[in-house]
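Here the structure comes first, spelled out in structure tokens, and everything after it is commentary.
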Protein chains: 2
Amino acid sequence: MATIRDVAKLADVSVSTVSLALSNPARVSQKTREKIRQAIAAVGFVADPLAQSLARGRSRMIGFVVGNVGNPFFGDIRRELENYALDHEHFVVVTDSSGKTDRERAMVEHLIGLKTAGLALAPSGYDQDYVAFVAGLNVPIVCFDQKVAGIERDFVGSDNYLAGAMLTEHLLQLGHRRIAFITGPSHMHTATERYRGFAETMANAGIDVNPNFVVDGQFTRTAGYEAAMRLLIQHERPTAILGANNTVALSALQAMQELGFRCPEDISLAMIDNVQWSSVITPRITMVVQDTLALGSIIARRLMHRIRSPQGAVEPPEDFVLAPKFVPGNSCRRI
Amino acid sequence: MATIRDVAKLADVSVSTVSLALSNPARVSQKTREKIRQAIAAVGFVADPLAQSLARGRSRMIGFVVGNVGNPFFGDIRRELENYALDHEHFVVVTDSSGKTDRERAMVEHLIGLKTAGLALAPSGYDQDYVAFVAGLNVPIVCFDQKVAGIERDFVGSDNYLAGAMLTEHLLQLGHRRIAFITGPSHMHTATERYRGFAETMANAGIDVNPNFVVDGQFTRTAGYEAAMRLLIQHERPTAILGANNTVALSALQAMQELGFRCPEDISLAMIDNVQWSSVITPRITMVVQDTLALGSIIARRLMHRIRSPQGAVEPPEDFVLAPKFVPGNSCRRI
DNA sequence: TGATCAAATCGAACCGGTTCGATAGAACGC
DNA sequence: GCGTTCTATCGAACCGGTTCGATTTGATCA
């Protein structure tokens with residue numbers, strides 16, 4: 001591999017001139033620039049990004065840290081970020097924490113060690129320790145998906161309260177009163193907000209929610225399945241189930257199918273968040289989806305802004321909250 | 001950030017001794033080792049991975065390069081690799097080429113620039129140029145999923161011929177004769193092998209395949225949908241459709257549903273590869289799935305072996321081909 | 001023609017580690 | 001008691017760039 005010294009020797013200039021010609025061509029004379037250009041071509045020189053990062057203290061990498069890269073929600077956002085970053089000569093490396101806080105921490109530390117230019121982070125933690133950890137990171141960061149109380153960073157996400165309220169109102173309009181809600185983890189902002197949207201909308205309609213109708217699905221498949229089963233075995237069962245995310249809702253659908261309930265004839269179902277191949281799942285589930293492309297675009301722009309612009313680096317953190325979209329299916333019937 | 005020189009100063013030894021104590025403790029006396037340990041703790045020293053990589057010419061990163069991280073097939077493999085790598089003090093960075101060869105190339109070059117210890121690569125190319133490119137990479141590589149003719153590297157994948165043949169035989173046993181096949185790109189090994197499994201099994205059964213029954217789905221949603229439509233509008237339509245991968249098969253299901261065909265009553269459907277939430281897709285599709293966990297495990301072990309062991313680095317490339325598994329659904333009926 | 005100043009280029013230090021040959025001192029054998 | 005071997009440690013060079021103050025070159029002006 002040719003180094004910058006090989007180029008310098010061949011072009012008969014100093015190493016520093018070659019470096020300068022590359023990073024700030026205007027400060028090198030036309031003639032010298034040409035000599036260097038030819039020398040670079042002759043020896044096939046490509047700057048070593050590692051050495052550059054070490055010397056500069058900053059690399060051209062952007063870390064994308066999420067709990068599950070397989071989730072299409074994160075996939076869409078990743079794609080947006082990647083395209084935008086590539087257009088600005090940056091490079092996205094993806095790491096998956098599998099939702100484990102300690103693993104996420106190790107990964108973030110590793111990325112920081114790599115002198116990443118910036119981080120797009122979907123936080124997996126929530127406690128004091130975690131907040132302090134994120135606060136202590138000295139690198140541009142845009143958080144998304146989960147809003148964590150105490151983290152003073154840019155945040156990009158959806159109005160989850162609205163998402164929960166929209167679906168609840170829809171079910172109310174269809175005549176449902178016995179509506180069950182499968183929740184997510186109570187430490188997750190998305191989960192609590194979606195539930196709040198449900199609970200307040202029900203309260204505003206003057207309906208008491210049966211406490212047995214609120215079950216914890218942990219946003220996971222196993223817990224969601226179990227939660228759904230608990231709903232389905234009740235004598236006075238709900239006429240509609242609202243899943244706080246795609247995983248628990250689909251687990252509920254599975255549970256319903258297994259027990260022999262028809263959807264929507266016996267029980268209606270609605271969910272927050274899209275899922276791959278939702279178009280071939282029968283019935284097509286009524287849902288509220290996030291605008292992943294817009295979210296991704298905002299994350300990308302905000303992060304690159306902080307990375308590239310000197311004043312961007314010191315701007316106070318801002319929240320960007322987008323409205324979700326209602327997508328009707330045929331999983332909710334009028335009663 | 002504390003550097004190794006701070007540690008050396010505090011412990012009153014040379015920099016090289018500190019380095020030695022860290023990388024090869026046995027060669028440093030007990031007393032000195034302890035002094036260094038305390039000094040490290042006192043100043044909070046953590047070695048800069050960038051500087052280490054530059055000096056060593058190798059990092060502790062493993063690159064995972066695929067065309068679509070959102071595909072659960074790749075997701076499972078990634079998880080296996082990640083867990084195994086983490087146990088061996090390595091760190092996986094994921095990059096997604098979106099299936100574009102030039103982007104994959106740029107990413108691989110970037111990863112090599114980062115002095116990655118090794119690469120797990122799902123090749124996206126196939127031509128002479130591409131083969132030469134992969135051949136020229138001077139780093140441990142394990143290829144998987146697509147076997148590319150001419151690439152002399154370890155390969156881990158499934159027996160795709162068998163996968164195609166198994167489903168074809170299954171449909172034959174159920175009495176089907178007019179079986180259609182939606183193919184993938186002809187330059188992909190998985191696609192051609194799966195088709196070969198279909199075609200030879202049909203030939204062995206003495207059945208002529210109607211040329212109109214073999215349509216190109218490109219492994220994509222749009223092409224798969226279009227291909228399925230071409231099958232469905234034929235007057236003498238197939239009694240069963242075999243999708244060469246999950247995407248084209250589900251596109252076919254969607255097309256069938258949209259036109260009003262019932263599956264399996266009107267047309268049977270089978271596919272190769274699993275898909276998330278296949279359990280809630282109606283009907284449950286009969287399929288042949290790859291053993292992703294085993295594939296991931298083999299990839300991980302093989303790659304780490306090449307990375308860590310001196311003789312592993314020079315072993316001749318080997319192919320690891322696993323048999324797929326038949327998973328019955330209720331999308332194929334006896335006729 | 002000589003002083004002045006800007007533009008072009010250079011040299012050296014630096015980023016933060018690793019590695020290897022050299023050296024000092026201890027242990028050993030005879 | 002002296003040469004030999006081994007162990008522990010050190011110094012310097014190196015990985016491949018960047019950066020900045022210093023120096024050279026060339027143009028401008030009195």
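By convention here, the chains of the structure tokens are called A, B, ... in the order presented, each chain's residues are numbered starting at 1, and ligands are numbered starting at 1 in the order presented.
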inquiry  = Give me, as a VMD selection string, the residues of chain A touching chain D, with the criterion being at most 8 Å (counting only C-alpha atoms (C1' of nucleotides)).
reply    = chain A and resid 3 to 4 19 47 to 48 51 to 52 54 to 56
request  = Identify all chain A residues at most 6 Å from chain B by counting only C-alpha atoms; ligands do not count. Present them as an MDAnalysis selection string.
outcome  = chainID A and resid 50 70 93:95 114 254 280:282
Would you write out those residues with N, CA and C atoms, as a tab-separated table (two decimals), in the first residue's frame?
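The resulting file, part.tsv, is reproduced below:
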```tsv
chain	number	residue	atom	x	y	z
A	50	LEU	N	-7.70	5.24	8.92
A	50	LEU	CA	-7.33	5.04	10.32
A	50	LEU	C	-6.33	6.10	10.76
A	70	GLY	N	-33.40	-5.59	12.48
A	70	GLY	CA	-34.34	-6.30	11.65
A	70	GLY	C	-35.72	-5.65	11.62
A	93	VAL	N	-22.02	3.01	10.12
A	93	VAL	CA	-21.86	1.65	10.63
A	93	VAL	C	-22.99	1.38	11.61
A	94	VAL	N	-23.56	0.21	11.43
A	94	VAL	CA	-24.74	-0.15	12.20
A	94	VAL	C	-24.33	-1.11	13.30
A	95	THR	N	-24.85	-0.89	14.49
A	95	THR	CA	-24.63	-1.90	15.53
A	95	THR	C	-25.97	-2.20	16.18
A	114	LEU	N	-13.68	4.76	18.20
A	114	LEU	CA	-13.37	4.84	16.77
A	114	LEU	C	-13.45	6.28	16.28
A	254	GLN	N	-52.38	-14.06	16.52
A	254	GLN	CA	-52.03	-15.47	16.53
A	254	GLN	C	-52.83	-16.23	17.62
A	280	VAL	N	-50.45	-8.98	3.28
A	280	VAL	CA	-50.90	-10.36	3.08
A	280	VAL	C	-51.34	-11.02	4.38
A	281	ILE	N	-51.33	-10.24	5.46
A	281	ILE	CA	-51.85	-10.80	6.70
A	281	ILE	C	-53.36	-10.61	6.69
A	282	THR	N	-54.07	-11.71	6.98
A	282	THR	CA	-55.53	-11.67	6.95
A	282	THR	C	-56.06	-11.69	8.38
```
request  = For chain C, list the residues within 6 Å of chain B, counting only C-alpha atoms (C1' of nucleotides), and write the list as a PyMOL selection string.
outcome  = chain C and resi 16-18
Would you mind exporting the chosen residues as a tab-separated table (two decimals), in the first residue's frame, restricted to N, CA and C atoms (P, O5', C5', C4', C3', O3' and C1' of nucleotides)?
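Saved the output as again26.tsv:
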```
chain	number	residue	atom	x	y	z
C	16	DG	P	-3.71	11.42	21.90
C	16	DG	O5'	-3.35	9.87	21.91
C	16	DG	C5'	-4.25	8.96	21.30
C	16	DG	C4'	-3.56	7.62	21.20
C	16	DG	C3'	-2.89	7.13	22.49
C	16	DG	O3'	-3.16	5.76	22.65
C	16	DG	C1'	-1.39	7.02	20.74
C	17	DG	P	-3.08	5.12	24.08
C	17	DG	O5'	-3.07	3.57	23.72
C	17	DG	C5'	-1.85	2.85	23.61
C	17	DG	C4'	-1.63	2.42	22.19
C	17	DG	C3'	-0.64	1.29	22.01
C	17	DG	O3'	-1.35	0.06	21.99
C	17	DG	C1'	-0.19	3.09	20.48
C	18	DT	P	-0.53	-1.30	22.30
C	18	DT	O5'	0.47	-1.46	21.07
C	18	DT	C5'	-0.05	-1.81	19.79
C	18	DT	C4'	1.11	-2.16	18.86
C	18	DT	C3'	1.94	-3.37	19.31
C	18	DT	O3'	2.22	-4.13	18.14
C	18	DT	C1'	3.35	-1.50	19.06
```
Shortest interatomic distance to Pro185 (chain B) - which of B:Ala42, B:Ala244, B:Leu303, B:Ala249, counting only C-alpha atoms = B:Ala244
message = Would you compute the distance between CA of Leu167 (chain B) and CA of Met287 (chain B)? Give it in Å to one decimal.
response =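 Atom-to-atom, CA of Leu167 (chain B) to CA of Met287 (chain B), that is 7.3 Å.
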message = Could you pull out the strand (DSSP E or B) residues of region 125-317 of chain A, going by DSSP on the backbone, and write them as a ChimeraX atom specification?
response = /A:141-144,154-158,179-183,214-216,240-243,268-272,281,286-289
Would you mind listing what lies within 10 Å of Arg178 (chain A) as a PDB file with all heavy atoms, in the first residue's frame, with only C-alpha atoms (C1' of nucleotides) counted and same-chain residues fewer than 6 positions away left out?
```pdb
ATOM      1  N   LEU A 171     -62.049   3.096  17.349  1.00  0.00           N
ATOM      2  CA  LEU A 171     -62.820   1.978  17.891  1.00  0.00           C
ATOM      3  C   LEU A 171     -64.089   2.468  18.575  1.00  0.00           C
ATOM      4  O   LEU A 171     -65.151   1.845  18.476  1.00  0.00           O
ATOM      5  CB  LEU A 171     -61.951   1.174  18.859  1.00  0.00           C
ATOM      6  CG  LEU A 171     -60.827   0.364  18.191  1.00  0.00           C
ATOM      7  CD1 LEU A 171     -59.863  -0.190  19.219  1.00  0.00           C
ATOM      8  CD2 LEU A 171     -61.426  -0.772  17.347  1.00  0.00           C
ATOM      9  N   LEU A 172     -63.996   3.606  19.249  1.00  0.00           N
ATOM     10  CA  LEU A 172     -65.172   4.177  19.896  1.00  0.00           C
ATOM     11  C   LEU A 172     -66.231   4.527  18.852  1.00  0.00           C
ATOM     12  O   LEU A 172     -67.415   4.264  19.021  1.00  0.00           O
ATOM     13  CB  LEU A 172     -64.785   5.431  20.693  1.00  0.00           C
ATOM     14  CG  LEU A 172     -64.018   5.198  21.999  1.00  0.00           C
ATOM     15  CD1 LEU A 172     -63.543   6.512  22.593  1.00  0.00           C
ATOM     16  CD2 LEU A 172     -64.899   4.443  22.997  1.00  0.00           C
ATOM     17  N   ILE A 207     -65.930   6.515  29.618  1.00  0.00           N
ATOM     18  CA  ILE A 207     -65.958   5.059  29.749  1.00  0.00           C
ATOM     19  C   ILE A 207     -64.922   4.593  30.756  1.00  0.00           C
ATOM     20  O   ILE A 207     -63.755   4.969  30.689  1.00  0.00           O
ATOM     21  CB  ILE A 207     -65.679   4.384  28.390  1.00  0.00           C
ATOM     22  CG1 ILE A 207     -66.731   4.839  27.369  1.00  0.00           C
ATOM     23  CG2 ILE A 207     -65.651   2.868  28.528  1.00  0.00           C
ATOM     24  CD1 ILE A 207     -66.443   4.416  25.969  1.00  0.00           C
ATOM     25  N   ASP A 208     -65.369   3.787  31.696  1.00  0.00           N
ATOM     26  CA  ASP A 208     -64.436   3.187  32.646  1.00  0.00           C
ATOM     27  C   ASP A 208     -63.765   1.990  31.995  1.00  0.00           C
ATOM     28  O   ASP A 208     -64.438   1.129  31.434  1.00  0.00           O
ATOM     29  CB  ASP A 208     -65.179   2.701  33.894  1.00  0.00           C
ATOM     30  CG  ASP A 208     -65.552   3.871  34.792  1.00  0.00           C
ATOM     31  OD1 ASP A 208     -64.920   4.939  34.655  1.00  0.00           O
ATOM     32  OD2 ASP A 208     -66.482   3.715  35.598  1.00  0.00           O
ATOM     33  N   VAL A 209     -62.483   1.952  32.085  1.00  0.00           N
ATOM     34  CA  VAL A 209     -61.768   0.812  31.516  1.00  0.00           C
ATOM     35  C   VAL A 209     -61.673  -0.293  32.556  1.00  0.00           C
ATOM     36  O   VAL A 209     -61.200  -0.068  33.673  1.00  0.00           O
ATOM     37  CB  VAL A 209     -60.354   1.219  31.045  1.00  0.00           C
ATOM     38  CG1 VAL A 209     -59.598   0.002  30.542  1.00  0.00           C
ATOM     39  CG2 VAL A 209     -60.438   2.281  29.968  1.00  0.00           C
ATOM     40  N   ASN A 210     -62.122  -1.454  32.197  1.00  0.00           N
ATOM     41  CA  ASN A 210     -62.005  -2.633  33.042  1.00  0.00           C
ATOM     42  C   ASN A 210     -60.511  -2.906  33.285  1.00  0.00           C
ATOM     43  O   ASN A 210     -59.760  -3.073  32.328  1.00  0.00           O
ATOM     44  CB  ASN A 210     -62.667  -3.804  32.309  1.00  0.00           C
ATOM     45  CG  ASN A 210     -62.565  -5.100  33.091  1.00  0.00           C
ATOM     46  OD1 ASN A 210     -61.758  -5.226  34.005  1.00  0.00           O
ATOM     47  ND2 ASN A 210     -63.405  -6.061  32.705  1.00  0.00           N
ATOM     48  N   PHE A 213     -58.643  -5.404  31.443  1.00  0.00           N
ATOM     49  CA  PHE A 213     -58.481  -5.194  30.005  1.00  0.00           C
ATOM     50  C   PHE A 213     -57.164  -4.511  29.661  1.00  0.00           C
ATOM     51  O   PHE A 213     -56.894  -4.226  28.495  1.00  0.00           O
ATOM     52  CB  PHE A 213     -59.648  -4.362  29.450  1.00  0.00           C
ATOM     53  CG  PHE A 213     -60.910  -5.157  29.252  1.00  0.00           C
ATOM     54  CD1 PHE A 213     -60.979  -6.491  29.639  1.00  0.00           C
ATOM     55  CD2 PHE A 213     -62.035  -4.576  28.671  1.00  0.00           C
ATOM     56  CE1 PHE A 213     -62.138  -7.220  29.470  1.00  0.00           C
ATOM     57  CE2 PHE A 213     -63.187  -5.306  28.483  1.00  0.00           C
ATOM     58  CZ  PHE A 213     -63.248  -6.628  28.892  1.00  0.00           C
ATOM     59  N   GLU A 236     -66.219 -12.168  30.369  1.00  0.00           N
ATOM     60  CA  GLU A 236     -66.705 -10.954  29.726  1.00  0.00           C
ATOM     61  C   GLU A 236     -65.560 -10.348  28.929  1.00  0.00           C
ATOM     62  O   GLU A 236     -64.906  -9.408  29.371  1.00  0.00           O
ATOM     63  CB  GLU A 236     -67.203  -9.967  30.783  1.00  0.00           C
ATOM     64  CG  GLU A 236     -67.821  -8.714  30.200  1.00  0.00           C
ATOM     65  CD  GLU A 236     -69.040  -8.301  31.014  1.00  0.00           C
ATOM     66  OE1 GLU A 236     -69.897  -9.161  31.303  1.00  0.00           O
ATOM     67  OE2 GLU A 236     -69.117  -7.121  31.362  1.00  0.00           O
ATOM     68  N   ARG A 237     -65.332 -10.904  27.789  1.00  0.00           N
ATOM     69  CA  ARG A 237     -64.130 -10.525  27.058  1.00  0.00           C
ATOM     70  C   ARG A 237     -64.321  -9.236  26.270  1.00  0.00           C
ATOM     71  O   ARG A 237     -65.458  -8.809  26.027  1.00  0.00           O
ATOM     72  CB  ARG A 237     -63.687 -11.656  26.131  1.00  0.00           C
ATOM     73  CG  ARG A 237     -64.574 -11.913  24.939  1.00  0.00           C
ATOM     74  CD  ARG A 237     -63.981 -13.026  24.100  1.00  0.00           C
ATOM     75  NE  ARG A 237     -63.927 -14.280  24.818  1.00  0.00           N
ATOM     76  CZ  ARG A 237     -64.927 -15.158  24.872  1.00  0.00           C
ATOM     77  NH1 ARG A 237     -66.055 -14.912  24.239  1.00  0.00           N
ATOM     78  NH2 ARG A 237     -64.820 -16.273  25.547  1.00  0.00           N
ATOM     79  N   PRO A 238     -63.213  -8.609  25.880  1.00  0.00           N
ATOM     80  CA  PRO A 238     -63.291  -7.357  25.117  1.00  0.00           C
ATOM     81  C   PRO A 238     -63.863  -7.587  23.716  1.00  0.00           C
ATOM     82  O   PRO A 238     -63.757  -8.688  23.166  1.00  0.00           O
ATOM     83  CB  PRO A 238     -61.839  -6.884  25.045  1.00  0.00           C
ATOM     84  CG  PRO A 238     -61.023  -8.101  25.293  1.00  0.00           C
ATOM     85  CD  PRO A 238     -61.827  -8.962  26.201  1.00  0.00           C
ATOM     86  N   THR A 239     -64.440  -6.538  23.151  1.00  0.00           N
ATOM     87  CA  THR A 239     -64.900  -6.620  21.763  1.00  0.00           C
ATOM     88  C   THR A 239     -63.814  -6.132  20.807  1.00  0.00           C
ATOM     89  O   THR A 239     -63.906  -6.349  19.606  1.00  0.00           O
ATOM     90  CB  THR A 239     -66.155  -5.750  21.552  1.00  0.00           C
ATOM     91  OG1 THR A 239     -65.817  -4.381  21.843  1.00  0.00           O
ATOM     92  CG2 THR A 239     -67.277  -6.205  22.463  1.00  0.00           C
ATOM     93  N   ALA A 240     -62.826  -5.460  21.367  1.00  0.00           N
ATOM     94  CA  ALA A 240     -61.721  -4.989  20.528  1.00  0.00           C
ATOM     95  C   ALA A 240     -60.426  -4.989  21.330  1.00  0.00           C
ATOM     96  O   ALA A 240     -60.441  -4.753  22.542  1.00  0.00           O
ATOM     97  CB  ALA A 240     -61.997  -3.584  20.008  1.00  0.00           C
ATOM     98  N   ILE A 241     -59.331  -5.275  20.642  1.00  0.00           N
ATOM     99  CA  ILE A 241     -58.012  -5.249  21.283  1.00  0.00           C
ATOM    100  C   ILE A 241     -57.144  -4.253  20.549  1.00  0.00           C
ATOM    101  O   ILE A 241     -57.089  -4.237  19.314  1.00  0.00           O
ATOM    102  CB  ILE A 241     -57.354  -6.644  21.257  1.00  0.00           C
ATOM    103  CG1 ILE A 241     -58.173  -7.636  22.092  1.00  0.00           C
ATOM    104  CG2 ILE A 241     -55.917  -6.572  21.764  1.00  0.00           C
ATOM    105  CD1 ILE A 241     -57.632  -9.056  22.064  1.00  0.00           C
TER     106      ILE A 241
END
```
task = Please run DSSP on the backbone and report, as a VMD selection string, all residues within region 108-147 of chain A that come out as alpha helix (DSSP H).
result = chain A and resid 108 to 113 128 to 136
Taking N, CA, C and O atoms for each residue, export the selection above as a compact mmCIF listing (two decimals), in the first residue's frame.
```txt
# COMPACT_ATOMS: atom_id res chain seq x y z
N VAL A 108 -21.50 1.65 22.05
CA VAL A 108 -21.34 3.11 21.94
C VAL A 108 -19.92 3.49 22.32
O VAL A 108 -19.28 4.31 21.65
N GLU A 109 -19.41 2.89 23.37
CA GLU A 109 -18.04 3.22 23.78
C GLU A 109 -17.05 2.84 22.69
O GLU A 109 -16.09 3.56 22.43
N HIS A 110 -17.30 1.72 22.08
CA HIS A 110 -16.41 1.30 21.00
C HIS A 110 -16.48 2.30 19.84
O HIS A 110 -15.45 2.70 19.29
N LEU A 111 -17.68 2.71 19.51
CA LEU A 111 -17.85 3.66 18.42
C LEU A 111 -17.17 4.99 18.74
O LEU A 111 -16.53 5.60 17.89
N ILE A 112 -17.31 5.43 19.96
CA ILE A 112 -16.65 6.66 20.38
C ILE A 112 -15.13 6.48 20.27
O ILE A 112 -14.41 7.38 19.83
N GLY A 113 -14.66 5.30 20.66
CA GLY A 113 -13.25 5.00 20.54
C GLY A 113 -12.78 5.09 19.10
O GLY A 113 -11.65 5.46 18.81
N GLN A 128 -31.06 6.45 35.88
CA GLN A 128 -30.14 7.55 36.19
C GLN A 128 -28.77 7.33 35.56
O GLN A 128 -28.20 8.20 34.93
N ASP A 129 -28.29 6.13 35.75
CA ASP A 129 -26.99 5.72 35.20
C ASP A 129 -26.91 5.94 33.70
O ASP A 129 -25.95 6.48 33.17
N TYR A 130 -27.97 5.48 33.06
CA TYR A 130 -28.00 5.55 31.61
C TYR A 130 -28.01 7.00 31.13
O TYR A 130 -27.27 7.37 30.21
N VAL A 131 -28.84 7.79 31.77
CA VAL A 131 -28.93 9.21 31.40
C VAL A 131 -27.57 9.89 31.56
O VAL A 131 -27.12 10.64 30.69
N ALA A 132 -26.90 9.57 32.66
CA ALA A 132 -25.58 10.16 32.91
C ALA A 132 -24.59 9.70 31.84
O ALA A 132 -23.77 10.49 31.36
N PHE A 133 -24.71 8.45 31.47
CA PHE A 133 -23.82 7.92 30.44
C PHE A 133 -23.98 8.68 29.12
O PHE A 133 -23.01 9.16 28.54
N VAL A 134 -25.21 8.82 28.68
CA VAL A 134 -25.46 9.51 27.41
C VAL A 134 -25.05 10.98 27.51
O VAL A 134 -24.51 11.56 26.56
N ALA A 135 -25.32 11.57 28.67
CA ALA A 135 -24.97 12.98 28.85
C ALA A 135 -23.46 13.17 28.75
O ALA A 135 -22.97 14.19 28.27
N GLY A 136 -22.71 12.17 29.20
CA GLY A 136 -21.26 12.30 29.25
C GLY A 136 -20.56 12.12 27.92
O GLY A 136 -19.36 12.38 27.80
```
request  = For CA of Ile40 (chain A) and CA of Val18 (chain A), quote the distance in Å rounded to one decimal.
outcome  = 9.3 Å
inquiry  = Can you tell me which residues surround Ile141 (chain B) at a distance of at most 8 Å, considering only C-alpha atoms (C1' of nucleotides), apart from same-chain residues fewer than 6 positions away, and format the answer as a list of chain:residue names?
reply    =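 Those residues are B:Gly118, B:Leu119, B:Ala120, B:Leu121, B:Arg153, B:Asp154, B:Leu303.
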Excluding same-chain residues fewer than 5 positions from region 144-149 of chain B, what lies within 6 Å of it counting only C-alpha atoms (C1' of nucleotides), as a tab-separated table (two decimals) with C-alpha atoms, in the first residue's frame?
```
chain	number	residue	atom	x	y	z
B	122	ALA	CA	-23.08	-12.13	1.36
B	155	PHE	CA	-18.57	-20.55	1.64
B	156	VAL	CA	-21.46	-21.31	3.96
B	157	GLY	CA	-24.91	-21.87	2.58
B	189	HIS	CA	-26.72	-19.12	-7.44
```
